[in-house]
Amino acid sequence: MATDETPEPEKKPEPQQDRSPADRRPMPPESRPAPKAADEGTQGRKGDDAQQNGDKPADAAAPAPEGEDGGAGKPQNGRQRLAASLWPPRLTRAQLIVALLLFILGLGLAIQVRSTSDSSALRGARQEDLVRILDELDNRSQRLTDEQRRLEGQKTELENSSDQAEEARKQTVEKEQQLGVLAGTVAAQGPGIYLTIDDPTHSVEADKLLDTIQELRAAGAEAIQVNNVRVVANTYLSDVSGGVEIDGKRVTQPYRFKVIGKPEDLEPALNIPGGVVQTLEKEQAKVSVTRQKKIVVDALREAKRPDYARSSSQ
């Protein structure tokens, strides 16, 4: 039995398209599709990072680049950075305590410098002057101590005396004698020194003699007589032709001083370096000082009644 078979048409091969060398290169890894499992792991890690970043506080954000303003983003110079670090001040308790201690230390140093500046007048003094000043201060301190002891003894005698009126009269007489010695109205005697100044060149003037009297008073002299003139509190000296006048009475060289006081204080006060003796010897004068156990000062002054002054006890 014959069958009609239709012959199938022959398939022609599809023409192959030419590819350029670039098209024939393998695809880069970035363009290749990643496996699905890898994509899911990557997304999981990204979610965890986002969750961790969300849990961080806002202060943990990345700091702004150094040298830029947080708001404006402008670069700062050195002066602006220094001002920003100093103000507003960020002081701790320890810094405040240190600042307070430094202030107290500076205040103490200032007070000490101010207190020591009062003695600056003595810094430029010579050694001889400092020795003389120290000796005078010691002598004055000793005299004040003796006077205090004497007054305390008088007070004790008044308190313990059975006849206080008689004791008071006795002390009044003694006080009158003491004041008479100081005023030059009564004679005085006691230990002291003889001072002789021979001035053949007539170069010793009134100011040098006045310095000598002041030095003797500072050393504790209680009665002074120059030649035949009694020296008291209001004595004055002046230069005249060929000599010196003391209280209006002319005295000529050699000048002879009779001084009552403690010899151990009077002689060293005159002979200290730079003192009276050395000053007079520079003026070509001859000076001699001798100690005596008994000096008699017999030149007297007339007691004058004051014209206006009266005792406040009247």
# chains A, B, ... in the order shown; residues from 1 in each chain; ligands from 1
call {"tool": "residues_around", "arguments": {"residues": "Thr252 in chain A", "least_positions_apart": "6", "cutoff": "8 Å", "atoms": "only C-alpha atoms", "output": "ChimeraX atom specification"}}
result
/A:242-244
call {"tool": "write_last_selection", "arguments": {"atoms": "all heavy atoms", "output": "PDB file, in the first residue's frame"}}
result
ATOM      1  N   GLY A 242      88.056 133.885 115.257  1.00  0.00           N
ATOM      2  CA  GLY A 242      89.054 133.336 116.166  1.00  0.00           C
ATOM      3  C   GLY A 242      88.514 132.345 117.171  1.00  0.00           C
ATOM      4  O   GLY A 242      89.254 131.969 118.096  1.00  0.00           O
ATOM      5  N   GLY A 243      87.278 131.911 117.051  1.00  0.00           N
ATOM      6  CA  GLY A 243      86.765 130.952 118.021  1.00  0.00           C
ATOM      7  C   GLY A 243      85.304 130.632 117.798  1.00  0.00           C
ATOM      8  O   GLY A 243      84.761 130.802 116.693  1.00  0.00           O
ATOM      9  N   VAL A 244      84.655 130.200 118.887  1.00  0.00           N
ATOM     10  CA  VAL A 244      83.264 129.779 118.832  1.00  0.00           C
ATOM     11  C   VAL A 244      82.548 130.360 120.033  1.00  0.00           C
ATOM     12  O   VAL A 244      83.121 130.495 121.126  1.00  0.00           O
ATOM     13  CB  VAL A 244      83.153 128.229 118.832  1.00  0.00           C
ATOM     14  CG1 VAL A 244      81.701 127.785 118.875  1.00  0.00           C
ATOM     15  CG2 VAL A 244      83.841 127.636 117.611  1.00  0.00           C
TER      16      VAL A 244
END
call {"tool": "atom_distance", "arguments": {"atom1": "CA of Phe257 in chain A", "atom2": "CA of Ala285 in chain A"}}
result
14.8 Å
call {"tool": "residues_around", "arguments": {"residues": "range 205-208 of chain A", "least_positions_apart": "6", "cutoff": "9 Å", "atoms": "only C-alpha atoms", "output": "number ranges by chain"}}
result
A: 237-240, 243-246, 276, 279-280
call {"tool": "write_last_selection", "arguments": {"atoms": "N, CA, C and O atoms", "output": "PDB file, in the first residue's frame"}}
result
ATOM      1  N   LEU A 237      75.376 127.053 119.457  1.00  0.00           N
ATOM      2  CA  LEU A 237      76.761 127.375 119.118  1.00  0.00           C
ATOM      3  C   LEU A 237      76.784 128.194 117.844  1.00  0.00           C
ATOM      4  O   LEU A 237      75.949 127.971 116.939  1.00  0.00           O
ATOM      5  N   SER A 238      77.731 129.084 117.736  1.00  0.00           N
ATOM      6  CA  SER A 238      77.870 129.920 116.542  1.00  0.00           C
ATOM      7  C   SER A 238      79.347 130.239 116.341  1.00  0.00           C
ATOM      8  O   SER A 238      80.134 130.279 117.307  1.00  0.00           O
ATOM      9  N   ASP A 239      79.730 130.458 115.079  1.00  0.00           N
ATOM     10  CA  ASP A 239      81.117 130.793 114.734  1.00  0.00           C
ATOM     11  C   ASP A 239      81.341 132.289 114.875  1.00  0.00           C
ATOM     12  O   ASP A 239      80.507 133.105 114.478  1.00  0.00           O
ATOM     13  N   VAL A 240      82.487 132.627 115.442  1.00  0.00           N
ATOM     14  CA  VAL A 240      82.936 134.021 115.528  1.00  0.00           C
ATOM     15  C   VAL A 240      84.398 134.064 115.114  1.00  0.00           C
ATOM     16  O   VAL A 240      85.048 133.021 114.936  1.00  0.00           O
ATOM     17  N   GLY A 243      87.278 131.911 117.051  1.00  0.00           N
ATOM     18  CA  GLY A 243      86.765 130.952 118.021  1.00  0.00           C
ATOM     19  C   GLY A 243      85.304 130.632 117.798  1.00  0.00           C
ATOM     20  O   GLY A 243      84.761 130.802 116.693  1.00  0.00           O
ATOM     21  N   VAL A 244      84.655 130.200 118.887  1.00  0.00           N
ATOM     22  CA  VAL A 244      83.264 129.779 118.832  1.00  0.00           C
ATOM     23  C   VAL A 244      82.548 130.360 120.033  1.00  0.00           C
ATOM     24  O   VAL A 244      83.121 130.495 121.126  1.00  0.00           O
ATOM     25  N   GLU A 245      81.283 130.716 119.852  1.00  0.00           N
ATOM     26  CA  GLU A 245      80.443 131.173 120.952  1.00  0.00           C
ATOM     27  C   GLU A 245      79.455 130.064 121.322  1.00  0.00           C
ATOM     28  O   GLU A 245      78.819 129.473 120.451  1.00  0.00           O
ATOM     29  N   ILE A 246      79.357 129.836 122.650  1.00  0.00           N
ATOM     30  CA  ILE A 246      78.391 128.876 123.175  1.00  0.00           C
ATOM     31  C   ILE A 246      77.443 129.640 124.085  1.00  0.00           C
ATOM     32  O   ILE A 246      77.875 130.198 125.113  1.00  0.00           O
ATOM     33  N   VAL A 276      83.603 110.875 115.893  1.00  0.00           N
ATOM     34  CA  VAL A 276      84.017 112.249 116.163  1.00  0.00           C
ATOM     35  C   VAL A 276      85.529 112.404 116.094  1.00  0.00           C
ATOM     36  O   VAL A 276      86.052 113.354 115.494  1.00  0.00           O
ATOM     37  N   THR A 279      86.870 112.349 112.546  1.00  0.00           N
ATOM     38  CA  THR A 279      86.443 113.552 111.814  1.00  0.00           C
ATOM     39  C   THR A 279      87.270 114.761 112.225  1.00  0.00           C
ATOM     40  O   THR A 279      87.692 115.564 111.366  1.00  0.00           O
ATOM     41  N   LEU A 280      87.529 114.916 113.506  1.00  0.00           N
ATOM     42  CA  LEU A 280      88.328 116.053 113.962  1.00  0.00           C
ATOM     43  C   LEU A 280      89.785 115.916 113.533  1.00  0.00           C
ATOM     44  O   LEU A 280      90.440 116.923 113.205  1.00  0.00           O
TER      45      LEU A 280
END
call {"tool": "closest_residue", "arguments": {"among": "A:Leu182, A:Leu266, A:Ile197, A:Ala221", "to": "Asn234 in chain A", "atoms": "only C-alpha atoms"}}
result
A:Leu182
